[in-house]
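A.B. asks: So that you have it, the file is input_25.txt, and it contains compact mmCIF, N, CA and C atoms:
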# COMPACT_ATOMS: atom_id res chain seq x y z
N MET A 20 -76.19 -69.87 22.06
CA MET A 20 -77.21 -69.16 22.82
C MET A 20 -76.77 -68.99 24.27
N ILE A 21 -76.31 -70.07 24.88
CA ILE A 21 -75.87 -69.99 26.28
C ILE A 21 -74.63 -69.10 26.37
N GLY A 22 -73.77 -69.15 25.35
CA GLY A 22 -72.57 -68.31 25.35
C GLY A 22 -72.91 -66.83 25.34
N LYS A 23 -73.95 -66.46 24.60
CA LYS A 23 -74.36 -65.05 24.56
C LYS A 23 -74.91 -64.60 25.91
N ILE A 24 -75.62 -65.48 26.58
CA ILE A 24 -76.17 -65.15 27.90
C ILE A 24 -75.04 -64.97 28.90
N VAL A 25 -74.08 -65.90 28.89
CA VAL A 25 -72.94 -65.80 29.81
C VAL A 25 -72.12 -64.54 29.52
N ALA A 26 -71.88 -64.25 28.23
CA ALA A 26 -71.12 -63.05 27.87
C ALA A 26 -71.88 -61.79 28.28
N GLY A 27 -73.18 -61.80 28.13
CA GLY A 27 -73.98 -60.64 28.55
C GLY A 27 -73.93 -60.42 30.05
N LEU A 28 -74.01 -61.50 30.81
CA LEU A 28 -73.93 -61.38 32.27
C LEU A 28 -72.55 -60.89 32.70
N ALA A 29 -71.50 -61.44 32.08
CA ALA A 29 -70.14 -61.01 32.42
C ALA A 29 -69.93 -59.54 32.06
N GLY A 30 -70.43 -59.11 30.90
CA GLY A 30 -70.30 -57.72 30.50
C GLY A 30 -71.07 -56.78 31.41
N ALA A 31 -72.26 -57.19 31.83
CA ALA A 31 -73.05 -56.36 32.74
C ALA A 31 -72.36 -56.20 34.09
N LYS A 32 -71.79 -57.30 34.58
CA LYS A 32 -71.10 -57.23 35.87
C LYS A 32 -69.85 -56.37 35.78
N ALA A 33 -69.11 -56.48 34.66
CA ALA A 33 -67.92 -55.66 34.48
C ALA A 33 -68.28 -54.18 34.37
N ALA A 34 -69.38 -53.88 33.69
CA ALA A 34 -69.79 -52.48 33.54
C ALA A 34 -70.22 -51.88 34.88
N LYS A 35 -70.92 -52.67 35.68
CA LYS A 35 -71.34 -52.15 36.99
C LYS A 35 -70.13 -51.92 37.88
N GLY A 36 -69.12 -52.76 37.77
CA GLY A 36 -67.91 -52.61 38.57
C GLY A 36 -67.11 -51.39 38.20
N SER A 37 -67.20 -50.97 36.93
CA SER A 37 -66.45 -49.79 36.49
C SER A 37 -67.29 -48.52 36.50
N GLY A 38 -68.52 -48.62 36.99
CA GLY A 38 -69.36 -47.44 37.11
C GLY A 38 -70.21 -47.16 35.89
N GLY A 39 -70.25 -48.08 34.94
CA GLY A 39 -71.04 -47.88 33.73
C GLY A 39 -72.42 -48.50 33.85
N SER A 40 -73.14 -48.49 32.76
CA SER A 40 -74.48 -49.04 32.72
C SER A 40 -74.42 -50.55 32.55
N GLY A 41 -75.26 -51.28 33.26
CA GLY A 41 -75.30 -52.72 33.15
C GLY A 41 -75.77 -53.18 31.78
N ALA A 42 -76.74 -52.47 31.20
CA ALA A 42 -77.25 -52.84 29.88
C ALA A 42 -76.19 -52.62 28.80
N GLY A 43 -75.47 -51.53 28.90
CA GLY A 43 -74.40 -51.26 27.93
C GLY A 43 -73.30 -52.29 28.02
N GLY A 44 -72.96 -52.69 29.22
CA GLY A 44 -71.94 -53.73 29.40
C GLY A 44 -72.40 -55.06 28.85
N ALA A 45 -73.68 -55.36 29.02
CA ALA A 45 -74.22 -56.62 28.48
C ALA A 45 -74.13 -56.62 26.95
N LEU A 46 -74.46 -55.50 26.33
CA LEU A 46 -74.36 -55.41 24.87
C LEU A 46 -72.92 -55.54 24.41
N LEU A 47 -71.98 -54.90 25.11
CA LEU A 47 -70.58 -55.03 24.75
C LEU A 47 -70.08 -56.45 24.96
N GLY A 48 -70.56 -57.12 26.00
CA GLY A 48 -70.16 -58.50 26.24
C GLY A 48 -70.61 -59.43 25.13
N VAL A 49 -71.85 -59.28 24.69
CA VAL A 49 -72.38 -60.12 23.61
C VAL A 49 -71.64 -59.81 22.31
N ALA A 50 -71.43 -58.52 22.02
CA ALA A 50 -70.72 -58.15 20.78
C ALA A 50 -69.28 -58.64 20.83
N GLY A 51 -68.65 -58.53 21.98
CA GLY A 51 -67.27 -59.00 22.12
C GLY A 51 -67.15 -60.50 21.92
N ALA A 52 -68.09 -61.25 22.45
CA ALA A 52 -68.07 -62.70 22.27
C ALA A 52 -68.25 -63.07 20.81
N THR A 53 -69.10 -62.35 20.10
CA THR A 53 -69.31 -62.62 18.68
C THR A 53 -68.06 -62.32 17.87
N VAL A 54 -67.41 -61.22 18.16
CA VAL A 54 -66.18 -60.85 17.44
C VAL A 54 -65.08 -61.86 17.74
N LEU A 55 -64.91 -62.25 18.98
CA LEU A 55 -63.87 -63.22 19.34
C LEU A 55 -64.08 -64.56 18.65
N ARG A 56 -65.32 -64.95 18.47
CA ARG A 56 -65.61 -66.21 17.82
C ARG A 56 -65.20 -66.20 16.35
N ARG A 57 -65.22 -65.03 15.73
CA ARG A 57 -64.93 -64.93 14.30
C ARG A 57 -63.47 -64.62 13.99
N LEU A 58 -62.66 -64.30 15.00
CA LEU A 58 -61.26 -63.96 14.76
C LEU A 58 -60.43 -65.22 14.50
N SER A 59 -59.40 -65.07 13.68
CA SER A 59 -58.46 -66.17 13.48
C SER A 59 -57.49 -66.21 14.65
N LEU A 60 -56.72 -67.27 14.76
CA LEU A 60 -55.79 -67.41 15.87
C LEU A 60 -54.72 -66.31 15.88
N PRO A 61 -54.07 -65.99 14.75
CA PRO A 61 -53.09 -64.90 14.79
C PRO A 61 -53.72 -63.55 15.18
N ALA A 62 -54.93 -63.29 14.70
CA ALA A 62 -55.59 -62.04 15.06
C ALA A 62 -55.93 -62.02 16.55
N LEU A 63 -56.35 -63.14 17.09
CA LEU A 63 -56.67 -63.23 18.52
C LEU A 63 -55.42 -62.99 19.36
N ILE A 64 -54.28 -63.55 18.93
CA ILE A 64 -53.02 -63.34 19.65
C ILE A 64 -52.61 -61.87 19.58
N ALA A 65 -52.78 -61.25 18.41
CA ALA A 65 -52.42 -59.84 18.25
C ALA A 65 -53.30 -58.94 19.11
N VAL A 66 -54.59 -59.22 19.17
CA VAL A 66 -55.51 -58.43 19.99
C VAL A 66 -55.17 -58.59 21.47
N THR A 67 -54.86 -59.80 21.89
CA THR A 67 -54.49 -60.05 23.29
C THR A 67 -53.21 -59.32 23.65
N ALA A 68 -52.20 -59.40 22.78
CA ALA A 68 -50.93 -58.71 23.05
C ALA A 68 -51.12 -57.20 23.08
N GLY A 69 -51.95 -56.68 22.19
CA GLY A 69 -52.21 -55.24 22.19
C GLY A 69 -52.94 -54.78 23.44
N GLY A 70 -53.90 -55.58 23.89
CA GLY A 70 -54.60 -55.24 25.13
C GLY A 70 -53.69 -55.27 26.33
N TYR A 71 -52.77 -56.24 26.36
CA TYR A 71 -51.82 -56.35 27.46
C TYR A 71 -50.87 -55.14 27.45
N ALA A 72 -50.38 -54.78 26.27
CA ALA A 72 -49.48 -53.63 26.17
C ALA A 72 -50.19 -52.33 26.57
N LEU A 73 -51.45 -52.18 26.17
CA LEU A 73 -52.21 -50.99 26.54
C LEU A 73 -52.42 -50.91 28.05
N LYS A 74 -52.70 -52.05 28.68
CA LYS A 74 -52.89 -52.07 30.13
C LYS A 74 -51.59 -51.70 30.85
N LYS A 75 -50.47 -52.25 30.40
CA LYS A 75 -49.18 -51.93 31.04
C LYS A 75 -48.86 -50.44 30.88
N TRP A 76 -49.10 -49.89 29.69
CA TRP A 76 -48.82 -48.47 29.45
C TRP A 76 -49.70 -47.61 30.34
N ASN A 77 -50.99 -47.97 30.47
CA ASN A 77 -51.91 -47.19 31.29
C ASN A 77 -51.53 -47.27 32.77
N ASP A 78 -51.14 -48.46 33.23
CA ASP A 78 -50.71 -48.60 34.62
C ASP A 78 -49.46 -47.76 34.90
N LYS A 79 -48.53 -47.77 33.96
CA LYS A 79 -47.30 -46.98 34.13
C LYS A 79 -47.62 -45.49 34.14
N ARG A 80 -48.53 -45.07 33.26
CA ARG A 80 -48.90 -43.65 33.18
C ARG A 80 -49.58 -43.19 34.46
N GLU A 81 -50.43 -44.04 35.03
CA GLU A 81 -51.12 -43.66 36.26
C GLU A 81 -50.18 -43.65 37.46
N ALA A 82 -49.11 -44.44 37.43
CA ALA A 82 -48.18 -44.51 38.55
C ALA A 82 -47.25 -43.31 38.59
N GLU A 83 -47.01 -42.66 37.45
CA GLU A 83 -46.13 -41.51 37.42
C GLU A 83 -46.80 -40.31 38.08
N PRO A 84 -46.03 -39.54 38.85
CA PRO A 84 -46.64 -38.34 39.44
C PRO A 84 -46.92 -37.30 38.35
N ALA A 85 -47.94 -36.54 38.56
CA ALA A 85 -48.32 -35.50 37.59
C ALA A 85 -47.26 -34.41 37.60
N PRO A 86 -46.87 -33.93 36.43
CA PRO A 86 -45.86 -32.87 36.40
C PRO A 86 -46.40 -31.59 37.02
N ALA A 87 -45.52 -30.90 37.72
CA ALA A 87 -45.92 -29.65 38.36
C ALA A 87 -46.13 -28.59 37.28
N ALA A 88 -47.15 -27.81 37.44
CA ALA A 88 -47.45 -26.76 36.47
C ALA A 88 -46.46 -25.62 36.64
N LYS A 89 -45.93 -25.16 35.51
CA LYS A 89 -45.01 -24.03 35.56
C LYS A 89 -45.83 -22.74 35.61
N PRO A 90 -45.40 -21.81 36.42
CA PRO A 90 -46.13 -20.53 36.42
C PRO A 90 -45.85 -19.79 35.11
N SER A 91 -46.89 -19.22 34.56
CA SER A 91 -46.72 -18.50 33.30
C SER A 91 -46.08 -17.15 33.58
N PRO A 92 -45.21 -16.73 32.68
CA PRO A 92 -44.57 -15.41 32.91
C PRO A 92 -45.61 -14.30 32.76
N ARG A 93 -45.53 -13.34 33.65
CA ARG A 93 -46.48 -12.24 33.61
C ARG A 93 -46.00 -11.21 32.58
N ARG A 94 -46.92 -10.76 31.77
CA ARG A 94 -46.59 -9.74 30.78
C ARG A 94 -46.93 -8.37 31.32
N LYS A 95 -46.14 -7.41 30.85
CA LYS A 95 -46.41 -6.03 31.24
C LYS A 95 -47.61 -5.54 30.46
N PRO A 96 -48.48 -4.76 31.07
CA PRO A 96 -49.63 -4.22 30.32
C PRO A 96 -49.15 -3.29 29.23
N LYS A 97 -49.84 -3.31 28.10
CA LYS A 97 -49.48 -2.44 27.00
C LYS A 97 -49.82 -1.00 27.32
N ALA A 98 -48.92 -0.11 26.93
CA ALA A 98 -49.18 1.33 27.13
C ALA A 98 -49.97 1.84 25.94
N ASN A 99 -51.07 2.48 26.19
CA ASN A 99 -51.90 3.00 25.10
C ASN A 99 -51.45 4.34 24.66
I'd like the structure from this file rewritten - as structure tokens, please.
C.D. replies:
Amino acid sequence: MIGKIVAGLAGAKAAKGSGGSGAGGALLGVAGATVLRRLSLPALIAVTAGGYALKKWNDKREAEPAPAAKPSPRRKPKAN
């Protein structure tokens, strides 16, 4: 019971920090705590490694400059 309250508060605070709804974050926090409690150790390790890899990929993607847009070639108007 106390774990669900703590997870809900943590989820609400995280959602407010990212610009989302506090109630939605609280629901995700409680659901996340329930799922984590039911995972086996290998599954927990796999989820953690996947989250870490996703974060690194996203950080790398955001650090790269956006490619410059190529101008499209202009077509000649069709003669009727």
A.B. asks: May I ask which of the residues A:Asn77, A:Val49, A:Tyr71, A:Gly43 is the closest one to Ile24 in chain A, counting all atoms listed in the file?
C.D. replies: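 Answer, going by the shortest atom-to-atom distance: A:Val49.
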A.B. asks: As AutoDock Vina command-line options, please report the centre and edge lengths, rounded to one decimal in Å, of the axis-aligned box that holds all listed atoms of range 42-54 of chain A with 6 Å of padding on each of the six sides.
C.D. replies:
--center_x -71.2 --center_y -57.2 --center_z 24.3 --size_x 24.2 --size_y 23.8 --size_z 25.8
A.B. asks: Can you work out the spacing between CA of Ala34 in chain A and CA of Asp78 in chain A in Å, to one decimal?
C.D. replies: 19.5 Å
A.B. asks: Atom C of Leu28 in chain A and atom N of Ala42 in chain A, how far apart in Å?
C.D. replies: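 Distance between the two atoms: 9.5 Å.
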A.B. asks: In Å, with one decimal, what is the gap from CA of Ala26 in chain A to CA of Arg56 in chain A?
C.D. replies: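 Between CA of Ala26 in chain A and CA of Arg56 in chain A the gap is 11.9 Å.
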